[in-house]
$ cat structure35.cif   # mmCIF, C-alpha atoms
data_upload
loop_
_atom_site.group_PDB
_atom_site.id
_atom_site.type_symbol
_atom_site.label_atom_id
_atom_site.label_comp_id
_atom_site.auth_asym_id
_atom_site.auth_seq_id
_atom_site.Cartn_x
_atom_site.Cartn_y
_atom_site.Cartn_z
ATOM 1 C CA MET A 17 56.359 30.049 -48.269
ATOM 2 C CA PRO A 18 52.704 30.127 -47.187
ATOM 3 C CA LEU A 19 51.151 27.100 -45.520
ATOM 4 C CA THR A 20 48.245 25.368 -47.210
ATOM 5 C CA PRO A 21 45.331 24.611 -44.882
ATOM 6 C CA PHE A 22 44.753 20.962 -44.045
ATOM 7 C CA LEU A 23 41.035 21.782 -44.155
ATOM 8 C CA SER A 24 38.967 24.957 -44.446
ATOM 9 C CA LEU A 25 35.387 25.436 -43.340
ATOM 10 C CA ASN A 26 33.174 28.481 -43.802
ATOM 11 C CA PRO A 27 29.447 29.233 -44.109
ATOM 12 C CA LEU A 28 29.395 28.665 -47.883
ATOM 13 C CA ASN A 29 31.541 25.519 -47.563
ATOM 14 C CA PRO A 30 30.319 23.864 -44.324
ATOM 15 C CA SER A 31 31.609 20.364 -45.105
ATOM 16 C CA VAL A 32 34.918 19.190 -46.562
ATOM 17 C CA PHE A 33 36.661 15.936 -47.452
ATOM 18 C CA THR A 34 40.271 16.495 -48.572
ATOM 19 C CA TYR A 35 41.216 12.986 -49.710
ATOM 20 C CA ASN A 36 43.364 12.904 -52.863
ATOM 21 C CA ALA A 37 43.093 9.546 -54.675
ATOM 22 C CA ALA A 38 46.284 10.326 -56.609
ATOM 23 C CA ASN A 39 48.183 10.424 -53.289
ATOM 24 C CA PRO A 40 46.365 8.003 -50.911
ATOM 25 C CA ASN A 41 49.148 8.034 -48.273
ATOM 26 C CA ALA A 42 49.079 11.820 -47.832
ATOM 27 C CA PRO A 43 47.305 13.247 -44.775
ATOM 28 C CA TYR A 44 43.661 14.111 -45.382
ATOM 29 C CA ALA A 45 40.676 15.226 -43.354
ATOM 30 C CA TYR A 46 36.927 15.223 -43.069
ATOM 31 C CA GLY A 47 35.256 18.146 -41.337
ATOM 32 C CA ARG A 48 31.978 19.968 -40.957
ATOM 33 C CA VAL A 49 30.558 23.007 -39.235
ATOM 34 C CA GLU A 50 27.105 23.380 -37.689
ATOM 35 C CA ILE A 51 25.552 26.552 -36.356
ATOM 36 C CA PHE A 52 23.181 26.830 -33.395
ATOM 37 C CA GLY A 53 21.398 30.083 -32.633
ATOM 38 C CA GLY A 54 21.682 31.741 -36.045
ATOM 39 C CA PHE A 55 19.229 34.503 -36.789
ATOM 40 C CA THR A 56 18.069 36.770 -39.563
ATOM 41 C CA SER A 57 16.453 40.189 -39.544
ATOM 42 C CA TYR A 58 15.523 43.008 -41.882
ATOM 43 C CA PHE A 59 18.416 45.027 -40.520
ATOM 44 C CA PHE A 60 22.021 44.756 -41.697
ATOM 45 C CA PRO A 61 24.141 42.709 -40.984
ATOM 46 C CA ARG A 62 21.670 40.059 -39.946
ATOM 47 C CA ARG A 63 19.768 39.635 -43.210
ATOM 48 C CA LEU A 64 20.365 36.222 -44.736
ATOM 49 C CA SER A 65 21.230 37.792 -48.113
ATOM 50 C CA ASP A 66 23.962 39.888 -46.446
ATOM 51 C CA GLN A 67 25.301 36.855 -44.605
ATOM 52 C CA ASN A 68 25.452 34.895 -47.858
ATOM 53 C CA ALA A 69 27.114 37.742 -49.753
ATOM 54 C CA ASN A 70 29.719 38.158 -46.987
ATOM 55 C CA ASN A 71 30.244 34.390 -46.471
ATOM 56 C CA GLU A 72 29.394 34.935 -42.807
ATOM 57 C CA ILE A 73 26.878 33.507 -40.362
ATOM 58 C CA ILE A 74 25.637 35.688 -37.508
ATOM 59 C CA VAL A 75 24.693 33.915 -34.270
ATOM 60 C CA GLY A 76 23.101 35.658 -31.356
ATOM 61 C CA PHE A 77 20.244 36.544 -29.055
ATOM 62 C CA ASN A 78 20.941 33.525 -26.838
ATOM 63 C CA PRO A 79 24.444 33.925 -25.413
ATOM 64 C CA ALA A 80 25.818 32.087 -22.424
ATOM 65 C CA ALA A 81 26.520 34.129 -19.324
ATOM 66 C CA PRO A 82 30.245 34.985 -19.176
ATOM 67 C CA ALA A 83 30.475 33.228 -15.791
ATOM 68 C CA ASN A 84 29.200 29.999 -17.386
ATOM 69 C CA GLN A 85 32.479 28.437 -18.494
ATOM 70 C CA SER A 86 31.460 24.819 -18.811
ATOM 71 C CA ILE A 87 29.555 22.427 -21.012
ATOM 72 C CA ALA A 88 27.576 20.091 -18.812
ATOM 73 C CA SER A 89 25.045 19.137 -21.476
ATOM 74 C CA ILE A 90 25.385 19.303 -25.271
ATOM 75 C CA GLU A 91 21.640 19.905 -25.550
ATOM 76 C CA ASN A 92 21.499 22.804 -23.065
ATOM 77 C CA ASP A 93 24.968 24.344 -23.326
ATOM 78 C CA VAL A 94 25.586 23.957 -27.079
ATOM 79 C CA CYS A 95 22.387 23.324 -29.039
ATOM 80 C CA ARG A 96 20.306 25.858 -27.081
ATOM 81 C CA ARG A 97 22.981 28.553 -27.122
ATOM 82 C CA SER A 98 24.519 30.635 -29.885
ATOM 83 C CA THR A 99 27.304 28.218 -30.804
ATOM 84 C CA ILE A 100 29.454 27.249 -33.755
ATOM 85 C CA SER A 101 30.154 23.511 -33.658
ATOM 86 C CA ILE A 102 33.096 22.105 -35.627
ATOM 87 C CA LEU A 103 33.813 18.414 -35.984
ATOM 88 C CA PHE A 104 36.826 17.066 -37.865
ATOM 89 C CA ALA A 105 39.139 14.077 -38.099
ATOM 90 C CA GLY A 106 42.547 13.691 -39.699
ATOM 91 C CA TYR A 107 43.741 10.553 -41.429
ATOM 92 C CA ASN A 108 47.311 9.474 -42.210
ATOM 93 C CA VAL A 109 48.376 11.645 -39.268
ATOM 94 C CA THR A 110 50.170 10.724 -36.037
ATOM 95 C CA THR A 111 50.123 11.845 -32.422
ATOM 96 C CA ARG A 112 53.350 13.750 -33.188
ATOM 97 C CA ASN A 113 51.282 16.127 -35.333
ATOM 98 C CA GLN A 114 49.462 19.203 -34.088
ATOM 99 C CA TYR A 115 46.457 21.089 -35.423
ATOM 100 C CA LEU A 116 46.628 24.865 -35.644
ATOM 101 C CA LEU A 117 43.091 26.224 -35.856
ATOM 102 C CA LEU A 118 42.642 29.781 -37.111
ATOM 103 C CA PHE A 119 39.150 31.212 -36.627
ATOM 104 C CA ALA A 120 37.791 34.315 -38.386
ATOM 105 C CA LEU A 121 35.167 35.896 -36.117
ATOM 106 C CA ARG A 122 33.507 39.262 -35.757
ATOM 107 C CA GLY A 123 31.965 40.934 -32.750
ATOM 108 C CA ALA A 124 28.624 42.315 -33.878
ATOM 109 C CA LEU A 125 26.474 43.415 -30.906
ATOM 110 C CA GLY A 126 26.519 43.496 -27.118
ATOM 111 C CA SER A 127 30.230 43.307 -26.191
ATOM 112 C CA PRO A 128 30.480 39.601 -27.052
ATOM 113 C CA SER A 129 33.179 37.123 -26.145
ATOM 114 C CA ALA A 130 33.884 33.811 -27.828
ATOM 115 C CA GLN A 131 34.387 30.825 -25.546
ATOM 116 C CA PHE A 132 36.456 28.071 -27.206
ATOM 117 C CA PHE A 133 35.880 24.510 -26.040
ATOM 118 C CA VAL A 134 37.654 21.350 -27.170
ATOM 119 C CA GLY A 135 35.161 18.699 -26.220
ATOM 120 C CA ALA A 136 33.760 19.930 -22.914
ATOM 121 C CA ASN A 137 36.996 21.691 -21.854
ATOM 122 C CA LEU A 138 37.230 25.472 -22.036
ATOM 123 C CA VAL A 139 40.590 26.341 -23.624
ATOM 124 C CA ARG A 140 40.228 30.070 -24.271
ATOM 125 C CA THR A 141 37.898 33.058 -23.997
ATOM 126 C CA GLU A 142 38.435 35.894 -26.445
ATOM 127 C CA PRO A 143 36.652 39.290 -26.349
ATOM 128 C CA LEU A 144 35.390 40.298 -29.794
ATOM 129 C CA SER A 145 35.416 43.981 -30.663
ATOM 130 C CA GLY A 146 35.453 43.757 -34.453
ATOM 131 C CA ASP A 147 37.086 41.493 -37.012
ATOM 132 C CA GLU A 148 39.238 39.044 -35.069
ATOM 133 C CA GLN A 149 41.453 36.090 -35.899
ATOM 134 C CA VAL A 150 41.885 33.648 -33.046
ATOM 135 C CA ALA A 151 44.415 30.798 -33.084
ATOM 136 C CA ILE A 152 44.164 27.580 -31.074
ATOM 137 C CA LEU A 153 46.914 24.923 -31.090
ATOM 138 C CA LEU A 154 45.868 21.316 -30.377
ATOM 139 C CA ASP A 155 47.775 18.065 -30.135
ATOM 140 C CA CYS A 156 46.574 15.564 -32.717
ATOM 141 C CA PRO A 157 44.775 12.715 -30.926
ATOM 142 C CA GLY A 158 45.756 10.258 -33.671
ATOM 143 C CA PRO A 159 44.497 9.014 -37.022
ATOM 144 C CA GLY A 160 40.731 8.902 -37.402
ATOM 145 C CA SER A 161 40.098 10.476 -33.989
ATOM 146 C CA TRP A 162 37.278 12.993 -34.039
ATOM 147 C CA VAL A 163 37.887 16.454 -32.602
ATOM 148 C CA TYR A 164 34.897 18.475 -31.382
ATOM 149 C CA VAL A 165 35.435 22.234 -31.119
ATOM 150 C CA TYR A 166 32.705 24.583 -29.927
ATOM 151 C CA VAL A 167 32.834 28.369 -30.190
ATOM 152 C CA ARG A 168 30.095 29.680 -27.935
ATOM 153 C CA LEU A 169 28.897 33.261 -27.702
ATOM 154 C CA ALA A 170 29.109 34.712 -24.181
ATOM 155 C CA SER A 171 27.807 38.103 -23.113
ATOM 156 C CA PRO A 172 25.878 39.764 -20.302
ATOM 157 C CA ALA A 173 23.612 41.293 -22.992
ATOM 158 C CA SER A 174 20.779 39.052 -24.185
ATOM 159 C CA TYR A 175 20.885 40.704 -27.632
ATOM 160 C CA ALA A 176 24.609 39.972 -28.209
ATOM 161 C CA ALA A 177 25.726 38.591 -31.578
ATOM 162 C CA MET A 178 28.909 37.461 -33.303
ATOM 163 C CA GLY A 179 29.816 36.593 -36.872
ATOM 164 C CA PHE A 180 31.593 33.431 -38.027
ATOM 165 C CA LYS A 181 33.521 33.773 -41.278
ATOM 166 C CA GLY A 182 35.357 30.470 -41.185
ATOM 167 C CA MET A 183 38.061 28.269 -39.742
ATOM 168 C CA ASP A 184 41.292 27.047 -41.316
ATOM 169 C CA CYS A 185 43.083 24.033 -39.848
ATOM 170 C CA TYR A 186 46.804 23.584 -40.482
ATOM 171 C CA LEU A 187 48.607 20.300 -39.890
ATOM 172 C CA LEU A 188 51.947 20.819 -38.138
#
$ encode --input "structure35.cif" --output "C-alpha cells"
Amino acid sequence: MPLTPFLSLNPLNPSVFTYNAANPNAPYAYGRVEIFGGFTSYFFPRRLSDQNANNEIIVGFNPAAPANQSIASIENDVCRRSTISILFAGYNVTTRNQYLLLFALRGALGSPSAQFFVGANLVRTEPLSGDEQVAILLDCPGPGSWVYVYVRLASPASYAAMGFKGMDCYLL
C-alpha cells in the first residue's frame, strides 16, 4: 500500500495547507518553498517556459564552495547563494513522529552537489549527476514547531546549476 505524502511542495505548488475540516484531529501541515538564485536564459533548460512546463526550477551561477559546509548567516549563506528554502510545520503530531523528506533534484551544469541543512546544521551532501531522489529522515520537533530545511548548491564551478522538481514529506 503506497504512503500518502503529509505535504508536497513543488515549483507549481510552492505553498500548501493540508488541514481537513471534516477531520480536525488528523495530522495536518503548513509548508512553503522559496528559491534563491534562480535564473533564466534563452538556452534550454534554463528558459522560464521550459521550467514551467517541466514543473522545475533551475538555480545556479552562485554556488557555495564545496568546502563551505556551514550557514553562519542566512543573508550571506542562503539568500545570496543558489538555495532552495523549505519551511514547514506539522500539527496534531507528536515527538514520537518522524518526517521522511524525499527531494527530487537534477544536476544540470558544473558537477554540482546539494548540501542539505536542517536549520544551520549540515546533515548531508549529495553529488548530483542527473535525476536524483534524496531522502532525509528527521525527528519531529513537536506540534506547531517550524522546520527549516535548506538545499544549497555547491560546486567549484561558478556556472554550476541544479534543478528542483519538488519535495514530498511523509509522516511516520
$ resolve_selection --input "structure35.cif" --expression "the PyMOL selection byres ((chain A and resi 169) around 10)" --output "PyMOL selection string"
chain A and resi 53+75-82+94+97-100+123+128-132+141-144+166-168+170-171+176-179
$ resolve_selection --input "structure35.cif" --expression "the PyMOL selection byres ((chain A and resi 64-71) around 6)" --output "list of chain:residue names"
A:Pro27, A:Leu28, A:Thr56, A:Arg63, A:Glu72, A:Ile73
$ residues_around --input "structure35.cif" --residues "stretch 37-47 of chain A" --least-positions-apart "3" --cutoff "8 Å" --atoms "all atoms listed in the file" --output "MDAnalysis selection string"
chainID A and resid 22:23 25 31:34 102:109
$ closest_residue --input "structure35.cif" --among "A:Asn29, A:Leu187, A:Cys156, A:Phe180" --to "A:Ile74" --atoms "all atoms listed in the file"
A:Phe180
$ residues_around --input "structure35.cif" --residues "A:Asp184" --least-positions-apart "2" --cutoff "10 Å" --atoms "only C-alpha atoms" --output "list in words"
Thr20, Pro21, Phe22, Leu23, Ser24, Leu25, Asn26, Tyr115, Leu116, Leu117, Leu118, Phe119, Ala120, Ala151, Gly182 and Tyr186 of chain A
$ atom_distance --input "structure35.cif" --atom1 "atom CA of A:Ala136" --atom2 "atom CA of A:Pro172"
21.5 Å
$ closest_residue --input "structure35.cif" --among "A:Leu121, A:Ile51, A:Ile90, A:Ala83" --to "A:Gln149" --atoms "all atoms listed in the file"
A:Leu121
$ closest_residue --input "structure35.cif" --among "A:Ser145, A:Gly135, A:Tyr35, A:Leu154" --to "A:Thr111" --atoms "only C-alpha atoms"
A:Leu154
$ closest_residue --input "structure35.cif" --among "A:Leu125, A:Ala173, A:Asn92, A:Met183" --to "A:Val150" --atoms "all atoms listed in the file"
A:Met183
$ atom_distance --input "structure35.cif" --atom1 "atom CA of A:Arg122" --atom2 "atom CA of A:Glu148"
5.8 Å
$ atom_distance --input "structure35.cif" --atom1 "atom CA of A:Gln85" --atom2 "atom CA of A:Asn137"
8.8 Å
$ closest_residue --input "structure35.cif" --among "A:Cys185, A:Leu138, A:Arg112, A:Leu19" --to "A:Asn84" --atoms "all atoms listed in the file"
A:Leu138
$ closest_residue --input "structure35.cif" --among "A:Val49, A:Thr110, A:Arg140, A:Glu91" --to "A:Gly160" --atoms "all atoms listed in the file"
A:Thr110
$ build_atoms --input "structure35.cif" --residues "stretch 72-93 of chain A" --atoms "N, CA and C atoms" --output "compact mmCIF listing (two decimals), keeping the file's coordinate frame"
# COMPACT_ATOMS: atom_id res chain seq x y z
N GLU A 72 29.37 34.78 -44.26
CA GLU A 72 29.39 34.94 -42.81
C GLU A 72 28.05 34.49 -42.24
N ILE A 73 28.09 33.85 -41.10
CA ILE A 73 26.88 33.51 -40.36
C ILE A 73 26.90 34.32 -39.07
N ILE A 74 25.77 34.94 -38.75
CA ILE A 74 25.64 35.69 -37.51
C ILE A 74 24.85 34.82 -36.53
N VAL A 75 25.40 34.62 -35.34
CA VAL A 75 24.69 33.92 -34.27
C VAL A 75 24.48 34.89 -33.13
N GLY A 76 23.34 34.76 -32.46
CA GLY A 76 23.10 35.66 -31.36
C GLY A 76 21.73 35.53 -30.74
N PHE A 77 21.48 36.43 -29.81
CA PHE A 77 20.24 36.54 -29.06
C PHE A 77 20.00 35.36 -28.14
N ASN A 78 21.02 34.56 -27.87
CA ASN A 78 20.94 33.52 -26.84
C ASN A 78 22.35 33.19 -26.36
N PRO A 79 23.08 34.20 -25.86
CA PRO A 79 24.44 33.92 -25.41
C PRO A 79 24.47 33.24 -24.05
N ALA A 80 25.57 32.62 -23.77
CA ALA A 80 25.82 32.09 -22.42
C ALA A 80 26.26 33.25 -21.54
N ALA A 81 26.00 33.13 -20.27
CA ALA A 81 26.52 34.13 -19.32
C ALA A 81 28.04 33.98 -19.27
N PRO A 82 28.79 35.09 -19.21
CA PRO A 82 30.24 34.98 -19.18
C PRO A 82 30.77 34.11 -18.03
N ALA A 83 30.05 34.06 -16.92
CA ALA A 83 30.48 33.23 -15.79
C ALA A 83 30.27 31.74 -16.06
N ASN A 84 29.43 31.40 -17.03
CA ASN A 84 29.20 30.00 -17.39
C ASN A 84 30.34 29.56 -18.30
N GLN A 85 31.29 28.84 -17.75
CA GLN A 85 32.48 28.44 -18.49
C GLN A 85 32.59 26.94 -18.60
N SER A 86 31.44 26.27 -18.70
CA SER A 86 31.46 24.82 -18.81
C SER A 86 30.40 24.34 -19.79
N ILE A 87 30.57 23.12 -20.22
CA ILE A 87 29.56 22.43 -21.01
C ILE A 87 29.20 21.17 -20.22
N ALA A 88 28.05 21.24 -19.57
CA ALA A 88 27.58 20.09 -18.81
C ALA A 88 26.67 19.22 -19.67
N SER A 89 25.99 19.84 -20.62
CA SER A 89 25.04 19.14 -21.48
C SER A 89 25.14 19.70 -22.89
N ILE A 90 25.34 18.84 -23.88
CA ILE A 90 25.38 19.30 -25.27
C ILE A 90 24.06 19.96 -25.64
N GLU A 91 22.96 19.36 -25.21
CA GLU A 91 21.64 19.90 -25.55
C GLU A 91 21.45 21.31 -24.98
N ASN A 92 21.75 21.51 -23.71
CA ASN A 92 21.50 22.80 -23.06
C ASN A 92 22.60 23.82 -23.28
N ASP A 93 23.85 23.40 -23.29
CA ASP A 93 24.97 24.34 -23.33
C ASP A 93 25.55 24.57 -24.72
